[in-house]
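K.L.:
The following block contains the structure, expressed as structure tokens.
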Amino acid sequence: MSQEFRLENVGLINRDKKLSFKFNGKKYFGYEGDTLASALLANGVHLVGRSFKYHRPRGFFGAGVDEPYAIVQLYRNNETEPNIKATEQELFEGLEAKSVNCWPSVNFDIGAINNFLKIFLPAGFYYKTFMWPKSFWYRIYEPFIRKAAGLGVASTKHDKERYEHKYEYCDLLIAGSGPSGLSSAYAAAKNGAKVILAEDKPRFGGSLLTDDVNIGNQSGKDWAEGIIAELKTMPNVVVKNRSQIFGYYDHNMLVMSEKVSDHLPKTKKYHPNKRLWYIRAKEVLISSGSIERPIVFGNNDTPGVMLSSAAKEYLKVYGVLVGKNPLIFTNNDSGYETAIEFQKHGVQPTVLDSRKNPESEIIDEAKSLGINIKNSYVVVAAQGYKKVKSADVASISDDKKQLGKIENIKCDCICVSGFWTPSIHLASQSGNKTKFKEEIDAFVPGVSKQQETTLGAANGVFSLEETLQTSFAKGRELSKKITDNDNEVSVPNVVEKKSSKHDKFWCVPLPAGKNYKRFLDFQNDVAVSDIEIALREGYRSIEHVKRYTTLGMATDQGKTSNLNGLQLVSEIENKVVPAVGHTTFRPPYTPISIGAIVGREVGKHSKPTRKSPMHDWHEKNNAVFVDAGVWLRPRYYKRGNENLFEGSKREAKNVRTNVGVCDVTTLGKIDIKGPDAAEFLNRVYTNAWLKLPVGKARYGVMLREDGIVMDDGTTTRISENHYHMTTTTAQAANVLSHLEYYLQLVWPELNVNVVSTTEQWAGAAVAGPKSRDVLQKLFPNLDVSNEGLPFMGYMEGDLFGVKARIFRISFSGELAYEVNVESDNGIFMWEKIMEVGEKFKIQPYGTEALSTLRIEMGHVAGSELDGRTIPYDNALEGLVSKKKDFIGKRSLQRVAFTANDRQRVVGVVPLDKKTSIPEGSHLVKDANAPLPNPKLGHISASCWSVEYDNPFSLAILKDGKNMIGEKLFVMSPLKNKVIPVEIVSSHYVDPKGERVRS
Amino acid sequence: MLYIKCPHCGMRPQIEFSYGGDASVKRPELNKEISDQEWDNFVYNRKSLRGKHLELWQHISGCRQWIKVERDTATHEIFKTFKAEEEVA
């Protein structure tokens with residue numbers, strides 16, 4: 001298939017490599033080096049999609065990151081990605097793309113009826129219309145808006161691509177590889193500075209690729225290629241193409257998204273799709289250039305209307321004519337540059353210049369080439385629906401208010417130039433307060449807030465010579481500061497054509513009797529009339545106007561629309577533009593795929609997974625695992641077809657009747673040493689610690705300063721000045737920080753050191769009436785009798801040649817021991833326990849049985865110590881010392897904490913002894929009371945009591961102390977349950993605690 | 001993301017630290033009788049300053065030391081950092 005609009009031998013594409021692709025199901029050809037946009041235009045395709053609100057036909061407006069509406073749904077390697085700009089997507093073999101926001105097709109779009117309803121869909125339409133009736137919101141309005149909203153469709157499949165994050169530090173980070181970026185990078189690199197040069201496009205060089213200039217006696221493009229080639233050979237320089245610096249954050253940290261694979265049909269093996277760079281730079285040079293801004297006129301969104309710079313780029317980079325009968329509409333000399341390129345390539349353009357009598361070298365060249373130029377002329381409206389067919393043009397008065405007689409000129413594209421807008425996004429994100437530069441009618445960076453400098457066109461400097469001079473000097477100056485080297489680099493001589501001043505003209509008045517839509521924001525369909533409505537309705541702040549009309553809020557963030565919007569507001573308000581101000585620039589500069597932001601921290605990789613040294617054994621023995629924080633713990637060990645309920649019941653029962661073993665490695669462990677360790681513990685815990693003898697463990701509760709229980713656990717005195725503290729699995733890290741806080745900041749005079757030893761010890765809890773028999777077999781030489789190792793006793797032993805610590809402590813409420821060995825010996829210990837325990841019918845038990853055992857014993861745990869309860873609430877007031885001071889003690893005197901009807905932990909049993917009680921349910925007095933039914937408390941933990949073979953729960957209940965014996969209702973609207981229950985003591989099994997002491 | 005100078009380790013990114021609140025708060029001495037108001041001021045009441053603020057950070061993924069950081073809460077500028085025991089002038 002021939003490419004009708006492709007020129008021979010023009011452009012930077014690789015004509016040796018032909019690529020086939022599909023757009024809306026139809027097959028086309030392009031070349032390597034094309035973008036999807038250039039390849040479509042080469043084939044004469046101008047209709048890309050439908051607009052967001054009115055579904056008007058839309059084509060290509062730009063040639064890069066500024067593109068407001070050439071957005072497609074992309075299909076690549078059996079995946080799909082929405083909202084891809086056709087102007088940025090590089091062509092690859094087999095690319096497939098479809099139009100968005102149209103149904104059934106881009107050529108015939110039902111939604112386009114909105115275009116004819118547009119008088120009913122002005123700014124604020126949604127706000128005004130969907131207010132009432134309230135009942136319509138969920139059923140009618142929301143589904144409708146949801147369906148209408150958005151452009152592309154996100155994939156619902158798991159993204160199999162890989163995304164990487166990279167952290168980098170450099171001396172100079174340079175955003176943009178145009179004339180300014182190249183010059184400063186080169187000068188800085190010559191001084192030995194560590195430089196990163198980032199270019200968002202595939203090709204380096206920026207405007208040098210399209211401008212007709214001469215640097216150092218060669219073309220701008222050749223000069224750029226030479227500089228890049230040299231920079232690439234330097235070890236202190238990183239040059240990156242396809243890399244967009246999109247965010248400028250605190251302390252000179254910038255984030256860059258590198259598209260590693262998007263230009264390929266398929267990501268290479270071991271390559272990421274995208275790489276996100278977090279770069280901390282000593283100095284940042286912003287050389288992001290400028291974006292051409294449109295002039296606003298009637299139907300200026302018709303396909304075929306585009307920026308004149310884009311037309312020039314399609315021609316010079318891709319060898320593509322955007323039209324064969326172009327009309328150029330300009331208020332400055334840039335339009336002439338495009339016209340000259342057309343003329344040189346055999347196409348005769350017509351130039352309409354809003355200026356009366358401009359004179360410059362560029363204009364002289366255009367005239368000498370015989371280009372048809374009409375001064376004081378403007379485009380009033382584009383004509384044609386799916387493609388420009390002609391333009392209504394007219395002369396315009398000097399004050400730009402009066403139009404002359406409307407004439408119609410045939411044309412197939414309209415290239416617009418309304419002068420240039422510096423890309424100040426990064427500078428503004430850095431905190432730089434921008435200032436308005438009258439000469440160019442645009443904002444430029446003001447005083448730097450961070451270590452950042454904006455150069456070249458981004459700083460409103462449009463002379464190439466000046467840009468090169470300032471950029472070479474700045475690169476040299478900044479790098480000298482960092483490296484102390486000062487190598488002189490001579491600035492090459494520059495030949496560029498001088499241009500004349502632009503016209504302060506940006507919006508063509510409507511001709512009498514016409515109400516053409518004149519669009520400002522092409523992606524969000526915001527027209528001049530919408531801004532007028534917003535201002536008429538009283539919106540004054542530019543931030544409010546933006547939100548009410550959605551001007552500049554589309555995915556292009558108003559790159560081509562913001563300034564024209566500001567001009568309009570300032571004109572209507574009769575203020576100058578700087579008084580109106582601009583809206584805040586926020587990262588990201590361009591849309592960044594969520595995958596790149598997430599990186600590799602997906603699913604199980606979002607946090608490290610911690611496994612105990614006995615994990616492999618659990619796995620081999622059919623453990624079903626559960627996430628406990630970042631730990632994986634056996635929930636139960638499945639036998640045959642057992643479910644969780646059956647398995648955990650069996651395991652718990654076996655602990656109550658024989659003996660079980662549970663992996664408790666995950667408990668937090670903190671080693672505490674120093675002569676003041678006892679005094680420190682005495683301040684940290686609520687109970688007394690000064691008199692704990694060596695070889696004894698004690699249960700302790702610690703509070704936050706606000707009196708709320710922070711954590712509980714046992715601490716053992718290993719030797720005179722050495723303690724071993726255990727914490728709950730969840731609070732281990734917080735408790736360590738808490739201890740460090742008091743030791744380093746509050747009581748630095750205490751001579752104590754703390755260190756986490758959680759990972760140094762493997763732990764096994766051996767629990768049940770036969771646990772002593774197992775222990776005796778493990779340590780045949782030790783006296784582990786009730787007298788030799790009493791409850792809360794501690795001893796060290798030799799476990800078949802392995803050093804072990806033995807604690808007689810119990811969470812299950814049974815006679816129990818905890819054995820710790822060094823982690824590497826964990827599996828040895830575990831297998832020995834299983835081996836010697838076999839004849840006592842030992843079974844491993846998981847967290848579910850562990851919970852059952854502690855719940856029916858009334859031992860509080862994380863679900864009761866939930867950050868809202870004080871010791872009294874957990875029936876732990878007996879552990880609160882009245883004699884000594886400790887962290888949080890003063891708070892316990894607060895009125896609410898001493899109230900008579902204070903909440904307290906209780907037991908809950910269903911009256912029918914059958915119905916399980918959902919955790920989180922509320923306790924109420926009257927099941928039929930009108931809503932909101934007053935809540936008396938909540939169920940904190942539920943189990944099936946293996947002792948009594950009926951459901952049993954713990955609850956935190958208001959006035960719990962006096963509620964024992966009361967009949968209440970458990971309500972769970974979530975599970976649609978109402979269960980009559982009786983309140984009982986939380987100590988459901990062995991209330992006197994005889995078993996642990998047996 | 002902030003770039004914080006740990007007085008023990010040097011310049012480190014914010015992700016290595018954990019925030020610890022107002023560093024000017026002094027815990028009342030143990031065993032000292034104090035009013036409800038004084039205790040409330042210690043536990044709850046903070047100024048939420050705009051501007052220069054002395055705050056605590058812990059170098060949790062580094063040396064685990066608590067440090068004091070003098071930072072502007074509006075601009076995020078960090079003026080100086082101090083070791084836990086260092087007196088702040």
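Chain labels run A, B, ... following the order of the structure tokens; each chain numbers its residues from 1, and ligands are numbered from 1 in the order shown.
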Excluding segment 32-42 of chain B and its own-chain neighbours fewer than 4 positions away, which residues fall within 12 Å of it when counting only C-alpha atoms? Please give them as a list in words.
P.N.:
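Those residues are Glu705, Asp706, Gly707, Lys884, Asp885, Phe886, Gly888, Lys889, Arg890, Ser891, Leu892, Gln893, Arg894 and Val895 of chain A; Gly21, Asp22, Ala23, Ser24, Val25, Lys26, Arg27, Pro28, Arg46 and Lys47 of chain B.
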K.L.:
Near Thr35 of chain A, counting only C-alpha atoms, which residues have an atom at most 12 Å away, once you skip same-chain residues fewer than 4 positions from it, shown as a ChimeraX atom specification?
P.N.:
/A:12-13,19,21,29-31,39-42,63-64,70,84-93,95,201-203,262-263,313-314,317-320
K.L.:
Take the residues from that selection and put them in a file with N, CA, C and O atoms, as a compact mmCIF listing (two decimals), in the first residue's frame.
P.N.:
# COMPACT_ATOMS: atom_id res chain seq x y z
N LEU A 12 13.99 11.37 9.27
CA LEU A 12 14.99 10.60 9.99
C LEU A 12 14.56 9.15 10.20
O LEU A 12 15.14 8.43 10.98
N ILE A 13 13.50 8.74 9.51
CA ILE A 13 13.01 7.37 9.68
C ILE A 13 13.88 6.40 8.89
O ILE A 13 14.59 6.79 7.98
N LEU A 19 7.17 -1.46 8.47
CA LEU A 19 6.43 -2.09 9.56
C LEU A 19 4.95 -2.08 9.24
O LEU A 19 4.43 -1.09 8.71
N PHE A 21 1.01 -2.33 10.65
CA PHE A 21 0.24 -2.11 11.87
C PHE A 21 -1.24 -1.99 11.52
O PHE A 21 -1.59 -1.85 10.34
N PHE A 29 0.90 0.52 6.57
CA PHE A 29 2.34 0.36 6.69
C PHE A 29 2.99 1.67 7.13
O PHE A 29 2.51 2.75 6.82
N GLY A 30 4.09 1.52 7.84
CA GLY A 30 4.89 2.68 8.21
C GLY A 30 6.35 2.24 8.21
O GLY A 30 6.67 1.18 7.68
N TYR A 31 7.20 3.04 8.82
CA TYR A 31 8.62 2.69 8.86
C TYR A 31 9.14 2.73 10.29
O TYR A 31 8.57 3.39 11.16
N ALA A 39 2.80 7.66 11.18
CA ALA A 39 2.47 6.60 10.23
C ALA A 39 1.03 6.74 9.74
O ALA A 39 0.75 6.52 8.56
N LEU A 40 0.12 7.13 10.62
CA LEU A 40 -1.28 7.31 10.20
C LEU A 40 -1.38 8.50 9.25
O LEU A 40 -2.05 8.42 8.21
N LEU A 41 -0.70 9.59 9.60
CA LEU A 41 -0.76 10.77 8.73
C LEU A 41 -0.15 10.48 7.36
O LEU A 41 -0.63 10.97 6.34
N ALA A 42 0.91 9.65 7.34
CA ALA A 42 1.51 9.28 6.06
C ALA A 42 0.50 8.56 5.18
O ALA A 42 0.54 8.63 3.96
N ALA A 63 2.68 16.86 18.01
CA ALA A 63 3.53 15.78 17.54
C ALA A 63 4.28 15.13 18.70
O ALA A 63 5.24 14.41 18.51
N GLY A 64 3.82 15.40 19.91
CA GLY A 64 4.57 14.85 21.04
C GLY A 64 3.76 14.87 22.32
O GLY A 64 2.57 14.57 22.33
N ALA A 70 -5.12 13.01 20.36
CA ALA A 70 -4.90 11.78 19.59
C ALA A 70 -4.59 10.64 20.53
O ALA A 70 -3.47 10.18 20.66
N ILE A 84 -3.16 6.02 25.37
CA ILE A 84 -1.82 6.18 24.79
C ILE A 84 -1.89 7.30 23.75
O ILE A 84 -2.76 7.31 22.89
N LYS A 85 -0.95 8.23 23.85
CA LYS A 85 -0.91 9.29 22.84
C LYS A 85 -0.28 8.75 21.57
O LYS A 85 0.87 8.28 21.59
N ALA A 86 -1.00 8.83 20.48
CA ALA A 86 -0.49 8.31 19.21
C ALA A 86 0.77 9.06 18.79
O ALA A 86 1.60 8.54 18.06
N THR A 87 0.90 10.30 19.29
CA THR A 87 2.05 11.11 18.91
C THR A 87 3.32 10.70 19.66
O THR A 87 4.41 11.11 19.32
N GLU A 88 3.15 9.92 20.73
CA GLU A 88 4.32 9.48 21.49
C GLU A 88 4.63 8.00 21.27
O GLU A 88 5.74 7.56 21.50
N GLN A 89 3.60 7.24 20.84
CA GLN A 89 3.80 5.80 20.69
C GLN A 89 4.61 5.51 19.43
O GLN A 89 4.18 5.82 18.32
N GLU A 90 5.76 4.89 19.63
CA GLU A 90 6.58 4.53 18.47
C GLU A 90 5.97 3.31 17.79
O GLU A 90 5.41 2.41 18.43
N LEU A 91 6.13 3.28 16.49
CA LEU A 91 5.56 2.19 15.71
C LEU A 91 6.43 0.95 15.87
O LEU A 91 7.65 1.04 15.92
N PHE A 92 5.77 -0.21 15.99
CA PHE A 92 6.52 -1.48 15.95
C PHE A 92 5.73 -2.45 15.09
O PHE A 92 4.54 -2.22 14.82
N GLU A 93 6.39 -3.50 14.66
CA GLU A 93 5.75 -4.46 13.78
C GLU A 93 4.57 -5.11 14.51
O GLU A 93 4.73 -5.62 15.62
N LEU A 95 1.82 -3.59 15.58
CA LEU A 95 1.08 -2.72 16.51
C LEU A 95 -0.40 -2.69 16.13
O LEU A 95 -0.75 -2.67 14.95
N LYS A 201 11.88 12.03 24.18
CA LYS A 201 11.63 11.46 22.86
C LYS A 201 12.67 10.39 22.53
O LYS A 201 13.70 10.30 23.18
N PRO A 202 12.43 9.60 21.49
CA PRO A 202 13.42 8.60 21.10
C PRO A 202 14.70 9.24 20.57
O PRO A 202 15.78 8.69 20.70
N ARG A 203 14.56 10.42 19.93
CA ARG A 203 15.72 11.08 19.31
C ARG A 203 16.18 12.25 20.17
O ARG A 203 15.36 13.02 20.68
N ASP A 262 8.39 -0.06 25.40
CA ASP A 262 7.15 0.31 24.72
C ASP A 262 7.28 0.41 23.21
O ASP A 262 6.30 0.34 22.49
N HIS A 263 8.52 0.60 22.73
CA HIS A 263 8.70 0.74 21.28
C HIS A 263 8.93 -0.61 20.61
O HIS A 263 9.18 -0.66 19.41
N GLU A 313 7.44 19.27 12.24
CA GLU A 313 8.10 18.08 12.77
C GLU A 313 7.72 16.84 11.96
O GLU A 313 8.57 16.00 11.64
N TYR A 314 6.44 16.72 11.59
CA TYR A 314 6.02 15.57 10.78
C TYR A 314 6.78 15.58 9.46
O TYR A 314 7.19 14.54 8.96
N VAL A 317 11.04 15.32 10.43
CA VAL A 317 11.51 14.11 11.13
C VAL A 317 10.98 12.86 10.45
O VAL A 317 11.67 11.85 10.34
N TYR A 318 9.72 12.92 9.99
CA TYR A 318 9.09 11.70 9.49
C TYR A 318 8.85 11.70 7.98
O TYR A 318 8.38 10.72 7.43
N GLY A 319 9.15 12.84 7.32
CA GLY A 319 8.91 12.92 5.89
C GLY A 319 7.44 12.84 5.54
O GLY A 319 7.07 12.27 4.51
N VAL A 320 6.58 13.38 6.40
CA VAL A 320 5.13 13.28 6.20
C VAL A 320 4.53 14.66 5.98
O VAL A 320 4.82 15.61 6.71
K.L.:
Given only C-alpha atoms as the basis, pick out the residue of B:Glu87, B:Asp72, B:Leu49, B:Gln65 nearest to chain A.
P.N.:
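Checking each of B:Glu87, B:Asp72, B:Leu49, B:Gln65 against chain A, counting only C-alpha atoms, the winner is B:Gln65.
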K.L.:
With a distance threshold of 7 Å and counting only C-alpha atoms, extract the residues of chain A near chain B and express them as a short mmCIF file (atom, residue, chain, number, x, y, z; two decimals) with N, CA and C atoms, in the first residue's frame.
P.N.:
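What follows is the written file result.cif:
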data_model
loop_
_atom_site.label_atom_id
_atom_site.label_comp_id
_atom_site.auth_asym_id
_atom_site.auth_seq_id
_atom_site.Cartn_x
_atom_site.Cartn_y
_atom_site.Cartn_z
N TYR A 249 10.56 16.89 43.32
CA TYR A 249 10.12 16.80 44.71
C TYR A 249 11.13 17.49 45.64
N ASP A 250 10.91 17.31 46.95
CA ASP A 250 11.73 17.99 47.94
C ASP A 250 13.20 17.61 47.84
N HIS A 251 14.02 18.54 48.23
CA HIS A 251 15.47 18.33 48.38
C HIS A 251 16.08 17.76 47.11
N MET A 253 15.01 15.94 44.67
CA MET A 253 14.78 14.60 44.18
C MET A 253 13.81 14.67 43.02
N GLU A 705 2.09 6.50 76.73
CA GLU A 705 1.94 7.59 77.71
C GLU A 705 0.47 7.97 77.90
N ASP A 706 -0.37 7.66 76.92
CA ASP A 706 -1.79 8.02 77.08
C ASP A 706 -2.57 6.97 77.85
N TYR A 741 13.56 4.94 72.28
CA TYR A 741 13.15 6.33 72.52
C TYR A 741 13.45 6.73 73.96
N GLN A 744 17.34 6.64 74.72
CA GLN A 744 18.19 7.64 74.06
C GLN A 744 17.78 9.07 74.39
N LEU A 745 16.48 9.29 74.59
CA LEU A 745 16.02 10.67 74.72
C LEU A 745 15.53 11.05 76.10
N VAL A 746 14.84 10.12 76.78
CA VAL A 746 14.19 10.51 78.04
C VAL A 746 15.07 10.20 79.24
N ASP A 885 6.12 4.62 89.78
CA ASP A 885 5.69 5.32 88.56
C ASP A 885 6.15 4.52 87.34
#
K.L.:
So that I can check the secondary structure, give me every residue of segment 1-80 of chain B assigned strand (DSSP E) by backbone DSSP, as number ranges by chain.
P.N.:
B: 3-6, 10-13, 18-22, 52-58, 66-72, 78-80
K.L.:
Between atom CA of Ile533 of chain A and atom CA of Gly552 of chain A, measure the distance and give it in Å to one decimal.
P.N.:
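Separation of atom CA of Ile533 of chain A and atom CA of Gly552 of chain A: 16.5 Å.
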K.L.:
Between atom CA of Val238 of chain A and atom CA of Ile196 of chain A, what is the spacing in Å?
P.N.:
4.7 Å
K.L.:
Go ahead and compute the interatomic distance for atom CA of Gly878 of chain A and atom CA of Gly920 of chain A, in Å to one decimal.
P.N.:
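The value is 27.2 Å.
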K.L.:
Check segment 222-338 of chain A with DSSP on the backbone and list each residue it calls helix (DSSP H, G or I), as a compact mmCIF listing (two decimals) with N, CA, C and O atoms, in the first residue's frame.
P.N.:
# COMPACT_ATOMS: atom_id res chain seq x y z
N ASP A 222 23.19 17.84 12.94
CA ASP A 222 24.49 17.17 12.93
C ASP A 222 25.30 17.55 14.16
O ASP A 222 26.00 16.72 14.74
N TRP A 223 25.21 18.82 14.54
CA TRP A 223 25.93 19.26 15.75
C TRP A 223 25.43 18.47 16.97
O TRP A 223 26.21 17.97 17.77
N ALA A 224 24.09 18.34 17.06
CA ALA A 224 23.50 17.61 18.19
C ALA A 224 23.98 16.16 18.19
O ALA A 224 24.36 15.62 19.25
N GLU A 225 24.01 15.55 17.02
CA GLU A 225 24.45 14.15 16.95
C GLU A 225 25.89 14.00 17.40
O GLU A 225 26.25 13.05 18.09
N GLY A 226 26.72 14.97 17.03
CA GLY A 226 28.13 14.93 17.42
C GLY A 226 28.30 15.04 18.93
O GLY A 226 29.06 14.29 19.54
N ILE A 227 27.56 15.96 19.53
CA ILE A 227 27.65 16.15 20.99
C ILE A 227 27.19 14.89 21.72
O ILE A 227 27.85 14.41 22.64
N ILE A 228 26.05 14.35 21.28
CA ILE A 228 25.51 13.15 21.94
C ILE A 228 26.51 12.00 21.82
O ILE A 228 26.79 11.28 22.79
N ALA A 229 27.09 11.84 20.65
CA ALA A 229 28.04 10.75 20.44
C ALA A 229 29.22 10.89 21.40
O ALA A 229 29.68 9.91 21.99
N GLU A 230 29.69 12.13 21.57
CA GLU A 230 30.82 12.32 22.48
C GLU A 230 30.42 12.10 23.94
O GLU A 230 31.14 11.47 24.71
N LEU A 231 29.23 12.60 24.31
CA LEU A 231 28.77 12.41 25.70
C LEU A 231 28.64 10.93 26.04
O LEU A 231 28.96 10.50 27.14
N LYS A 232 28.21 10.15 25.05
CA LYS A 232 28.01 8.72 25.30
C LYS A 232 29.32 7.99 25.59
O LYS A 232 29.32 6.95 26.22
N THR A 233 30.42 8.57 25.13
CA THR A 233 31.70 7.90 25.38
C THR A 233 32.28 8.27 26.74
O THR A 233 33.27 7.69 27.17
N ASP A 250 10.91 17.31 46.95
CA ASP A 250 11.73 17.99 47.94
C ASP A 250 13.20 17.61 47.84
O ASP A 250 13.54 16.49 47.50
N HIS A 251 14.02 18.54 48.23
CA HIS A 251 15.47 18.33 48.38
C HIS A 251 16.08 17.76 47.11
O HIS A 251 16.85 16.80 47.14
N ASN A 252 15.68 18.36 46.00
CA ASN A 252 16.23 18.02 44.69
C ASN A 252 16.13 16.54 44.33
O ASN A 252 17.06 15.97 43.78
N SER A 308 1.53 24.50 14.05
CA SER A 308 2.42 24.63 12.90
C SER A 308 3.75 23.93 13.17
O SER A 308 4.36 23.34 12.29
N SER A 309 4.18 23.93 14.42
CA SER A 309 5.44 23.24 14.75
C SER A 309 5.29 21.73 14.56
O SER A 309 6.23 21.04 14.19
N ALA A 310 4.07 21.23 14.83
CA ALA A 310 3.83 19.79 14.65
C ALA A 310 3.91 19.44 13.17
O ALA A 310 4.52 18.44 12.77
N ALA A 311 3.31 20.29 12.33
CA ALA A 311 3.35 20.05 10.89
C ALA A 311 4.80 20.02 10.41
O ALA A 311 5.19 19.17 9.59
N LYS A 312 5.61 20.93 10.96
CA LYS A 312 7.02 20.98 10.56
C LYS A 312 7.77 19.73 11.03
O LYS A 312 8.60 19.18 10.32
N GLU A 313 7.44 19.27 12.24
CA GLU A 313 8.10 18.08 12.77
C GLU A 313 7.72 16.84 11.96
O GLU A 313 8.57 16.00 11.64
N TYR A 314 6.44 16.72 11.59
CA TYR A 314 6.02 15.57 10.78
C TYR A 314 6.78 15.58 9.46
O TYR A 314 7.19 14.54 8.96
N LEU A 315 6.99 16.77 8.94
CA LEU A 315 7.68 16.86 7.65
C LEU A 315 9.17 16.54 7.79
O LEU A 315 9.70 15.68 7.10
N LYS A 316 9.81 17.22 8.73
CA LYS A 316 11.28 17.11 8.78
C LYS A 316 11.78 15.82 9.44
O LYS A 316 12.83 15.31 9.10
N VAL A 317 11.04 15.32 10.43
CA VAL A 317 11.51 14.11 11.13
C VAL A 317 10.98 12.86 10.45
O VAL A 317 11.67 11.85 10.34
N TYR A 318 9.72 12.92 9.99
CA TYR A 318 9.09 11.70 9.49
C TYR A 318 8.85 11.70 7.98
O TYR A 318 8.38 10.72 7.43
N SER A 334 7.09 31.87 13.45
CA SER A 334 7.20 30.41 13.41
C SER A 334 6.36 29.82 12.29
O SER A 334 6.75 28.83 11.67
N GLY A 335 5.20 30.40 12.05
CA GLY A 335 4.36 29.90 10.98
C GLY A 335 5.05 29.95 9.63
O GLY A 335 4.87 29.08 8.78
N TYR A 336 5.89 30.99 9.45
CA TYR A 336 6.62 31.12 8.18
C TYR A 336 7.64 30.00 8.01
O TYR A 336 7.88 29.52 6.92
N GLU A 337 8.26 29.60 9.14
CA GLU A 337 9.25 28.52 9.05
C GLU A 337 8.59 27.25 8.53
O GLU A 337 9.15 26.53 7.69
N THR A 338 7.38 26.98 9.01
CA THR A 338 6.63 25.82 8.53
C THR A 338 6.28 26.00 7.05
O THR A 338 6.42 25.08 6.25
K.L.:
Just checking: using only C-alpha atoms, which residue out of B:Gly62, B:Ala74, B:His53, B:Asn45 ends up closest to Arg12 of chain B?
P.N.:
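Closest residue, counting only C-alpha atoms: B:Gly62.
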K.L.:
Please identify all polymer residues within 7 Å of Ser881 of chain A, counting only C-alpha atoms, omitting same-chain residues fewer than 3 positions from it, and present them as a PyMOL selection string.
P.N.:
chain A and resi 686-688+884
K.L.:
Please provide the set of residues having any atom within 12 Å of Lys803 of chain A, restricted to only C-alpha atoms, with same-chain residues fewer than 2 positions apart removed, written as an MDAnalysis selection string.
P.N.:
chainID A and resid 761:762 778:779 795:801 805:806 819:826 828:829
K.L.:
Residues within 6 Å of segment 516-520 of chain A, please, as an NGL selection string. Count only C-alpha atoms; anything in the same chain fewer than 5 positions from it doesn't count.
P.N.:
:A and (297-299 or 526-528 or 561)
K.L.:
Which residue is closest to Val153 of chain A? Choose from A:Leu74, A:Ile983, A:Val351, A:Val260 and count only C-alpha atoms.
P.N.:
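The answer is A:Leu74, which sits nearest to Val153 of chain A.
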K.L.:
Let me make sure I understand: among A:Glu947, A:Glu4, A:Glu168, A:Glu79, which one has the smallest atom-to-atom distance to Arg656 of chain A if we use only C-alpha atoms?
P.N.:
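Smallest distance to Arg656 of chain A is found for A:Glu947.
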K.L.:
For Asn325 of chain A, work out the shell of residues within 9 Å, counting only C-alpha atoms and skipping chain neighbours fewer than 4 positions away, then give it as a list of chain:residue names.
P.N.:
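Close residues of Asn325 of chain A: A:Val347, A:Gln348, A:Pro349, A:Thr350, A:Lys410, A:Cys411, A:Asp412, A:Cys413.
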K.L.:
Would you save the residues from that selection as a compact mmCIF listing (two decimals), in the first residue's frame, using N, CA and C atoms?
P.N.:
# COMPACT_ATOMS: atom_id res chain seq x y z
N VAL A 347 5.04 21.87 -1.94
CA VAL A 347 3.64 22.13 -1.59
C VAL A 347 3.48 23.63 -1.37
N GLN A 348 2.47 24.22 -1.99
CA GLN A 348 2.32 25.67 -1.88
C GLN A 348 1.35 26.05 -0.75
N PRO A 349 1.88 26.59 0.32
CA PRO A 349 1.01 26.98 1.42
C PRO A 349 0.50 28.42 1.26
N THR A 350 -0.54 28.74 1.98
CA THR A 350 -0.98 30.12 2.11
C THR A 350 -0.78 30.52 3.56
N LYS A 410 -10.25 27.12 0.09
CA LYS A 410 -10.10 25.65 0.13
C LYS A 410 -8.75 25.32 0.76
N CYS A 411 -8.72 24.35 1.63
CA CYS A 411 -7.46 23.88 2.22
C CYS A 411 -7.72 22.50 2.82
N ASP A 412 -6.66 21.74 3.05
CA ASP A 412 -6.88 20.42 3.68
C ASP A 412 -6.24 20.33 5.06
N CYS A 413 -5.60 21.42 5.48
CA CYS A 413 -5.15 21.45 6.88
C CYS A 413 -4.92 22.91 7.25
K.L.:
Just want the 6 Å neighbourhood of segment 950-956 of chain A, counted on only C-alpha atoms, with same-chain residues fewer than 5 positions away dropped. Output as a ChimeraX atom specification.
P.N.:
/A:904-909,913,916,937-945
